[in-house]
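Here is the structure we will look at, set down as structure tokens.
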Amino acid sequence: MDLKHLNLTLRTAFCLLVVFSINASGQLCTTETNSPVFKENNTIGQVVAEITVQDGVTMNIITNPEEAFGLNGTNLVAVKVLDYETLDNNILLVEIQCTRPGETSPLLRIIVTVEDINDNPPVFAQSHYQLEVPELSPIGTSVEKIEATDLDKFPLNYTLHSPMGEFRLQSYLNPLILVNKNLDYDTTPEVTLMLYVEDSPPPVHTASATITVTITDINNRPPWFQPCTETLIGISKICLNTGYQGTVNLTEQATEALTLEPGPVHAIDGDKGRNDPINYRLLSGNEDGIFSIDPNSGDITMLKAVDVAGPIVLTVMAYEQLTPDMFATTTVTLQVVIKSLHPPKFVKSSYEGFISEDADVGSMVLESKNSNKPLQVLATDDDFADGKNPSIAYEVVGSNDFRITTEGFILIVRSLAPGTADLQMRVADTTNGEFSTASLSVEVTPDGLPGPGGDFGSEDMAALGATLAVVLLICLVIIGVLVYRVKRNSSDWKKLSEASIFRSTLNGGSAGPKDGVQYINDGFQGDEDKGSLNSKEAAELPLPQGPGLKRSVPEELEKQSSAPVPLGLSSSDTSSPPEDSSSLSPSDTTDSEKEVKPILTKERRMEDGYKAVWFKQDIDPSVKEEVVIIPDSGEMDVGQEDDDDDDDEEEEEEEGVTGMNRFARRSGSDSEDEETMTSDL
């Protein structure tokens, strides 16, 4: 409670005591409430107090502060709107004189207390405030106290909005602004705050003010050589520089400032907000006094020529002119080279290439739309006899979409949209920095590039594939028809095949008899082969009785010369009739007789030219038993010897027949039922 409210309270209590003491005596007029409370901003005619008056008594207001009251009948009313904030005193004493003819009563005193209501908003002295705070100020540092005023004298509540929590208030009733976190000029050079205030009780009124806090840079960082990589360590920031490189010619003094990479020697104040002036000095590496550095610009010049080979490393210091103890150092590495007379140059002044938009990253640019040959750029150096400088390097200037390999091939680094990219290439001699440029135009096509040999698109390839599919289908249909026709005559085909294989086996072929091969005589025992004889019929044929007989074969067997060869006769045995015996030599006659002898007999003969063949008894042709070829051991039978050297050719023919394999039908272990048969060859 302030002093004004305390004084008003004391005066109100004193007045009440006086009123009660006066009203204790007899009065012509009285009131039940001698100390009414009357709120400001009242309405005119509002009743302040009701007065009880005896008969015949009249009333007059003797004391009327602020001329705010009047009488309406027996009521004391307000005739003026009262404002608490404009009153010198909120306790108003009204005195009323009550009289009756011949009689006057003491004054009726009414103490009216004007009550304050919350009818005024709080107000800041300014709508916008400007403050300054040094960076790296400790947390909790007091910045400024900004208060609002309110005519109603009610308590005010404050709220501060800070974007990143940089500042806070001491309390919601005390608007003292404090530092709440570490402040860095480089990252937060300025902060805009909003301070809000509201009063009470209801109805609540509010107000606001904008506060701009400028973070001032302090001198806490040394110079930074440029370019550098900024690194944050805790709340401290440092900037790392990798040094500078350049070249000087042996035994030659440069007249201008040396060209260095990356750029000239240059440093800035690490406290960017201060930007104090920087000076430069050579610390080491210049013992021979060859170089000099400008203390203000940092340019390095030569005072004399270099007469020794090898790199020269200079240590350069940059320091603040006003605060020399704030400094930093870096190195300048100079390569001593022999002067070059010619820079490397591209073979062509301009190149044109093509690449598809759907090409993968790392794909090479092609030299034409209709070729898969990659584009290759080439540069030569006239300082070399063959024009090949091993120290040159290619690069694309001002673009990160392409790169050039050391061989001169151009690769894409990222996916590209259709269009044309106009670029510039640079080739440089890495030993001395000499370079030249050429233009490069790369067209990015919207579709995949066609292969070499023509502009064939995906539609053309699809049509070609469909045509090949139709041709393949027709071929399959033709093959199917041929297979069907062959299968329809399968029995004839099977007989021809088996006869050919059997004959080849008997003759020995190129590699002799084939072991373990099984043959079936079905084709030669079927009903459709009317001229054939089975083994049983052949065994019952009459045999020749003497060597003088030319043939003793039944006529029906003789007619089989054009039929399939039965049981081992070769095609040479049946294709032509035998020669007349009168014109044959004795040996030839013997051979002819062998050709027409019955193929099977029930006698076993151990003579020359015979082989034993065993068949199971009672072979039924309709059963189509399986026959197994038992390979011959290749040994000569007993009694088969060479007569003389003149019979060698005859013996070779006989061995083809003599080497006839043995046959036995598979019959399990039942070998006792087999009957020995001999063939009279």
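Going through the structure tokens in order, the chains are called A, B, and so on, while each chain numbers its residues from 1 and the ligands are numbered from 1 in the order shown.
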Worksheet entry | Contacts of Tyr319 in chain A within 9 Å, only C-alpha atoms, excl. fewer than 4 positions in-chain, as a PyMOL selection string | chain A and resi 222-223+267+269+277-281+323-329
Discussion item. Report as a PyMOL selection string all protein, DNA and RNA residues lying within 12 Å of Val316 in chain A, evaluated on only C-alpha atoms, omitting residues in the same chain fewer than 5 positions from it.
Written reply: chain A and resi 225+243-244+265-267+279-286+291-295+298-300+327-333
Just asking: which residues within range 390-422 of chain A are strand (DSSP E) according to DSSP, as a PDB file with N, CA and C atoms, in the first residue's frame?
ATOM      1  N   ILE A 392      50.298 -31.854 -66.492  1.00  0.00           N
ATOM      2  CA  ILE A 392      49.117 -31.036 -66.760  1.00  0.00           C
ATOM      3  C   ILE A 392      47.895 -31.656 -66.102  1.00  0.00           C
ATOM      4  N   ALA A 393      46.918 -30.816 -65.811  1.00  0.00           N
ATOM      5  CA  ALA A 393      45.665 -31.259 -65.185  1.00  0.00           C
ATOM      6  C   ALA A 393      44.516 -30.519 -65.858  1.00  0.00           C
ATOM      7  N   TYR A 394      43.404 -31.258 -66.049  1.00  0.00           N
ATOM      8  CA  TYR A 394      42.224 -30.681 -66.677  1.00  0.00           C
ATOM      9  C   TYR A 394      41.177 -30.374 -65.609  1.00  0.00           C
ATOM     10  N   GLU A 395      40.359 -29.372 -65.875  1.00  0.00           N
ATOM     11  CA  GLU A 395      39.232 -29.071 -64.994  1.00  0.00           C
ATOM     12  C   GLU A 395      38.167 -28.323 -65.780  1.00  0.00           C
ATOM     13  N   VAL A 396      36.902 -28.457 -65.292  1.00  0.00           N
ATOM     14  CA  VAL A 396      35.784 -27.693 -65.838  1.00  0.00           C
ATOM     15  C   VAL A 396      35.585 -26.484 -64.936  1.00  0.00           C
ATOM     16  N   VAL A 397      35.624 -25.301 -65.519  1.00  0.00           N
ATOM     17  CA  VAL A 397      35.563 -24.059 -64.748  1.00  0.00           C
ATOM     18  C   VAL A 397      34.112 -23.685 -64.486  1.00  0.00           C
ATOM     19  N   PHE A 402      30.278 -31.710 -64.141  1.00  0.00           N
ATOM     20  CA  PHE A 402      31.200 -32.516 -64.933  1.00  0.00           C
ATOM     21  C   PHE A 402      32.588 -32.467 -64.305  1.00  0.00           C
ATOM     22  N   ARG A 403      33.378 -33.495 -64.623  1.00  0.00           N
ATOM     23  CA  ARG A 403      34.798 -33.472 -64.270  1.00  0.00           C
ATOM     24  C   ARG A 403      35.572 -34.162 -65.384  1.00  0.00           C
ATOM     25  N   ILE A 404      36.858 -33.835 -65.499  1.00  0.00           N
ATOM     26  CA  ILE A 404      37.699 -34.358 -66.559  1.00  0.00           C
ATOM     27  C   ILE A 404      38.793 -35.209 -65.933  1.00  0.00           C
ATOM     28  N   ILE A 410      35.546 -36.927 -70.206  1.00  0.00           N
ATOM     29  CA  ILE A 410      34.632 -36.069 -69.443  1.00  0.00           C
ATOM     30  C   ILE A 410      33.551 -36.939 -68.828  1.00  0.00           C
ATOM     31  N   LEU A 411      33.390 -36.873 -67.517  1.00  0.00           N
ATOM     32  CA  LEU A 411      32.417 -37.669 -66.780  1.00  0.00           C
ATOM     33  C   LEU A 411      31.366 -36.755 -66.173  1.00  0.00           C
ATOM     34  N   ILE A 412      30.126 -37.292 -66.067  1.00  0.00           N
ATOM     35  CA  ILE A 412      29.077 -36.541 -65.377  1.00  0.00           C
ATOM     36  C   ILE A 412      29.131 -36.889 -63.894  1.00  0.00           C
ATOM     37  N   GLY A 419      18.905 -30.599 -72.226  1.00  0.00           N
ATOM     38  CA  GLY A 419      19.305 -29.239 -72.571  1.00  0.00           C
ATOM     39  C   GLY A 419      20.763 -29.216 -73.002  1.00  0.00           C
ATOM     40  N   THR A 420      21.283 -28.022 -73.173  1.00  0.00           N
ATOM     41  CA  THR A 420      22.669 -27.847 -73.598  1.00  0.00           C
ATOM     42  C   THR A 420      23.433 -27.059 -72.544  1.00  0.00           C
ATOM     43  N   ALA A 421      24.580 -27.583 -72.141  1.00  0.00           N
ATOM     44  CA  ALA A 421      25.433 -26.920 -71.147  1.00  0.00           C
ATOM     45  C   ALA A 421      26.662 -26.367 -71.864  1.00  0.00           C
ATOM     46  N   ASP A 422      26.819 -25.050 -71.821  1.00  0.00           N
ATOM     47  CA  ASP A 422      27.983 -24.389 -72.402  1.00  0.00           C
ATOM     48  C   ASP A 422      28.999 -24.133 -71.293  1.00  0.00           C
TER      49      ASP A 422
END
Discussion item. Quick check, in Å to one decimal: how far apart do CA of Tyr196 in chain A and CA of Gln170 in chain A lie?
Written reply: 14.2 Å
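The interatomic distance for the pair CA of Glu50 in chain A and CA of Thr113 in chain A works out to 15.5 Å.
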Quick one: residues within 12 Å of Val204 in chain A, only C-alpha atoms, excluding same-chain residues fewer than 2 positions away - as an mmCIF file with all heavy atoms, in the first residue's frame?
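part.cif, freshly written:
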data_model
loop_
_atom_site.group_PDB
_atom_site.id
_atom_site.type_symbol
_atom_site.label_atom_id
_atom_site.label_comp_id
_atom_site.auth_asym_id
_atom_site.auth_seq_id
_atom_site.Cartn_x
_atom_site.Cartn_y
_atom_site.Cartn_z
ATOM 1 N N ILE A 117 -11.329 2.181 -9.535
ATOM 2 C CA ILE A 117 -11.568 0.974 -10.322
ATOM 3 C C ILE A 117 -10.497 0.890 -11.409
ATOM 4 O O ILE A 117 -9.834 1.872 -11.734
ATOM 5 C CB ILE A 117 -12.981 0.970 -10.942
ATOM 6 C CG1 ILE A 117 -13.123 2.121 -11.955
ATOM 7 C CG2 ILE A 117 -14.041 1.017 -9.859
ATOM 8 C CD1 ILE A 117 -14.447 2.078 -12.703
ATOM 9 N N ASN A 118 -10.331 -0.317 -12.011
ATOM 10 C CA ASN A 118 -9.295 -0.546 -13.034
ATOM 11 C C ASN A 118 -9.817 -0.062 -14.390
ATOM 12 O O ASN A 118 -10.279 -0.845 -15.221
ATOM 13 C CB ASN A 118 -8.912 -2.033 -13.101
ATOM 14 C CG ASN A 118 -7.699 -2.280 -13.967
ATOM 15 O OD1 ASN A 118 -6.968 -1.360 -14.292
ATOM 16 N ND2 ASN A 118 -7.486 -3.529 -14.337
ATOM 17 N N ASP A 119 -9.715 1.224 -14.566
ATOM 18 C CA ASP A 119 -10.216 1.804 -15.809
ATOM 19 C C ASP A 119 -9.123 2.408 -16.668
ATOM 20 O O ASP A 119 -9.406 3.025 -17.687
ATOM 21 C CB ASP A 119 -11.261 2.871 -15.509
ATOM 22 C CG ASP A 119 -10.675 4.013 -14.684
ATOM 23 O OD1 ASP A 119 -9.626 3.784 -14.045
ATOM 24 O OD2 ASP A 119 -11.263 5.099 -14.679
ATOM 25 N N ASN A 120 -7.843 2.204 -16.333
ATOM 26 C CA ASN A 120 -6.735 2.749 -17.115
ATOM 27 C C ASN A 120 -5.743 1.628 -17.440
ATOM 28 O O ASN A 120 -5.373 0.846 -16.541
ATOM 29 C CB ASN A 120 -6.015 3.858 -16.347
ATOM 30 C CG ASN A 120 -6.903 5.067 -16.115
ATOM 31 O OD1 ASN A 120 -7.215 5.820 -17.036
ATOM 32 N ND2 ASN A 120 -7.318 5.262 -14.857
ATOM 33 N N PRO A 121 -5.253 1.538 -18.686
ATOM 34 C CA PRO A 121 -4.272 0.509 -19.041
ATOM 35 C C PRO A 121 -2.876 0.918 -18.601
ATOM 36 O O PRO A 121 -2.582 2.100 -18.444
ATOM 37 C CB PRO A 121 -4.372 0.452 -20.563
ATOM 38 C CG PRO A 121 -4.753 1.841 -20.950
ATOM 39 C CD PRO A 121 -5.656 2.343 -19.854
ATOM 40 N N PRO A 122 -1.975 -0.085 -18.462
ATOM 41 C CA PRO A 122 -0.574 0.255 -18.176
ATOM 42 C C PRO A 122 0.078 0.829 -19.436
ATOM 43 O O PRO A 122 -0.315 0.524 -20.566
ATOM 44 C CB PRO A 122 0.040 -1.093 -17.790
ATOM 45 C CG PRO A 122 -0.832 -2.116 -18.438
ATOM 46 C CD PRO A 122 -2.217 -1.544 -18.465
ATOM 47 N N ASP A 150 0.831 2.798 -14.463
ATOM 48 C CA ASP A 150 -0.617 2.623 -14.518
ATOM 49 C C ASP A 150 -1.232 3.595 -13.514
ATOM 50 O O ASP A 150 -0.878 3.582 -12.320
ATOM 51 C CB ASP A 150 -0.985 1.179 -14.178
ATOM 52 C CG ASP A 150 -2.439 0.869 -14.478
ATOM 53 O OD1 ASP A 150 -3.252 1.812 -14.586
ATOM 54 O OD2 ASP A 150 -2.767 -0.331 -14.610
ATOM 55 N N ASP A 152 -4.019 3.603 -12.232
ATOM 56 C CA ASP A 152 -4.865 2.936 -11.243
ATOM 57 C C ASP A 152 -4.076 2.370 -10.076
ATOM 58 O O ASP A 152 -4.661 1.923 -9.097
ATOM 59 C CB ASP A 152 -5.654 1.811 -11.918
ATOM 60 C CG ASP A 152 -6.638 2.342 -12.943
ATOM 61 O OD1 ASP A 152 -7.197 3.427 -12.718
ATOM 62 O OD2 ASP A 152 -6.830 1.674 -13.980
ATOM 63 N N PHE A 154 -2.643 -0.326 -9.593
ATOM 64 C CA PHE A 154 -2.763 -1.757 -9.293
ATOM 65 C C PHE A 154 -1.470 -2.474 -9.679
ATOM 66 O O PHE A 154 -0.713 -1.997 -10.521
ATOM 67 C CB PHE A 154 -3.944 -2.356 -10.048
ATOM 68 C CG PHE A 154 -5.273 -1.861 -9.552
ATOM 69 C CD1 PHE A 154 -6.086 -1.079 -10.363
ATOM 70 C CD2 PHE A 154 -5.716 -2.172 -8.278
ATOM 71 C CE1 PHE A 154 -7.311 -0.625 -9.915
ATOM 72 C CE2 PHE A 154 -6.941 -1.711 -7.820
ATOM 73 C CZ PHE A 154 -7.741 -0.942 -8.640
ATOM 74 N N PRO A 155 -1.194 -3.655 -9.088
ATOM 75 C CA PRO A 155 0.026 -4.394 -9.424
ATOM 76 C C PRO A 155 0.039 -4.788 -10.911
ATOM 77 O O PRO A 155 -0.995 -5.102 -11.501
ATOM 78 C CB PRO A 155 -0.027 -5.625 -8.519
ATOM 79 C CG PRO A 155 -0.926 -5.218 -7.395
ATOM 80 C CD PRO A 155 -1.946 -4.291 -7.999
ATOM 81 N N LEU A 156 1.259 -4.796 -11.497
ATOM 82 C CA LEU A 156 1.438 -5.142 -12.904
ATOM 83 C C LEU A 156 2.271 -6.421 -13.018
ATOM 84 O O LEU A 156 3.237 -6.617 -12.265
ATOM 85 C CB LEU A 156 2.142 -4.007 -13.644
ATOM 86 C CG LEU A 156 1.435 -2.635 -13.618
ATOM 87 C CD1 LEU A 156 2.284 -1.594 -14.322
ATOM 88 C CD2 LEU A 156 0.051 -2.726 -14.247
ATOM 89 N N ASN A 157 1.914 -7.231 -13.991
ATOM 90 C CA ASN A 157 2.636 -8.483 -14.258
ATOM 91 C C ASN A 157 3.325 -8.378 -15.627
ATOM 92 O O ASN A 157 2.698 -7.957 -16.613
ATOM 93 C CB ASN A 157 1.681 -9.673 -14.260
ATOM 94 C CG ASN A 157 1.007 -9.859 -12.919
ATOM 95 O OD1 ASN A 157 1.602 -9.597 -11.874
ATOM 96 N ND2 ASN A 157 -0.243 -10.299 -12.926
ATOM 97 N N VAL A 197 3.044 -6.426 -20.572
ATOM 98 C CA VAL A 197 2.589 -6.122 -19.219
ATOM 99 C C VAL A 197 1.074 -6.167 -19.200
ATOM 100 O O VAL A 197 0.416 -5.810 -20.190
ATOM 101 C CB VAL A 197 3.106 -4.742 -18.760
ATOM 102 C CG1 VAL A 197 2.577 -3.636 -19.643
ATOM 103 C CG2 VAL A 197 2.757 -4.485 -17.293
ATOM 104 N N GLU A 198 0.499 -6.569 -18.052
ATOM 105 C CA GLU A 198 -0.950 -6.564 -17.875
ATOM 106 C C GLU A 198 -1.258 -6.186 -16.426
ATOM 107 O O GLU A 198 -0.462 -6.453 -15.517
ATOM 108 C CB GLU A 198 -1.558 -7.917 -18.222
ATOM 109 C CG GLU A 198 -1.136 -9.055 -17.317
ATOM 110 C CD GLU A 198 -1.810 -10.370 -17.660
ATOM 111 O OE1 GLU A 198 -2.332 -10.506 -18.787
ATOM 112 O OE2 GLU A 198 -1.812 -11.262 -16.789
ATOM 113 N N ASP A 199 -2.431 -5.527 -16.260
ATOM 114 C CA ASP A 199 -2.811 -5.096 -14.908
ATOM 115 C C ASP A 199 -3.884 -6.007 -14.345
ATOM 116 O O ASP A 199 -4.278 -7.002 -14.965
ATOM 117 C CB ASP A 199 -3.277 -3.637 -14.916
ATOM 118 C CG ASP A 199 -4.455 -3.424 -15.850
ATOM 119 O OD1 ASP A 199 -5.030 -4.432 -16.323
ATOM 120 O OD2 ASP A 199 -4.810 -2.265 -16.134
ATOM 121 N N SER A 200 -4.383 -5.661 -13.165
ATOM 122 C CA SER A 200 -5.431 -6.412 -12.476
ATOM 123 C C SER A 200 -6.096 -5.451 -11.483
ATOM 124 O O SER A 200 -5.506 -4.416 -11.120
ATOM 125 C CB SER A 200 -4.830 -7.613 -11.727
ATOM 126 O OG SER A 200 -3.889 -7.167 -10.758
ATOM 127 N N PRO A 201 -7.251 -5.715 -10.992
ATOM 128 C CA PRO A 201 -8.103 -6.868 -11.319
ATOM 129 C C PRO A 201 -8.847 -6.644 -12.628
ATOM 130 O O PRO A 201 -8.695 -5.608 -13.253
ATOM 131 C CB PRO A 201 -9.054 -6.902 -10.122
ATOM 132 C CG PRO A 201 -9.203 -5.463 -9.745
ATOM 133 C CD PRO A 201 -7.870 -4.829 -9.991
ATOM 134 N N PRO A 202 -9.731 -7.579 -12.968
ATOM 135 C CA PRO A 202 -10.503 -7.411 -14.207
ATOM 136 C C PRO A 202 -11.337 -6.143 -14.131
ATOM 137 O O PRO A 202 -11.782 -5.743 -13.034
ATOM 138 C CB PRO A 202 -11.351 -8.667 -14.265
ATOM 139 C CG PRO A 202 -10.629 -9.663 -13.398
ATOM 140 C CD PRO A 202 -9.999 -8.861 -12.307
ATOM 141 N N THR A 206 -3.658 -4.528 -21.173
ATOM 142 C CA THR A 206 -2.283 -4.940 -21.489
ATOM 143 C C THR A 206 -1.577 -3.863 -22.301
ATOM 144 O O THR A 206 -2.210 -2.978 -22.893
ATOM 145 C CB THR A 206 -2.280 -6.248 -22.299
ATOM 146 O OG1 THR A 206 -2.971 -6.041 -23.525
ATOM 147 C CG2 THR A 206 -2.929 -7.382 -21.526
ATOM 148 N N ALA A 207 -0.264 -4.003 -22.336
ATOM 149 C CA ALA A 207 0.570 -3.122 -23.147
ATOM 150 C C ALA A 207 1.840 -3.893 -23.484
ATOM 151 O O ALA A 207 2.176 -4.908 -22.850
ATOM 152 C CB ALA A 207 0.897 -1.835 -22.413
#
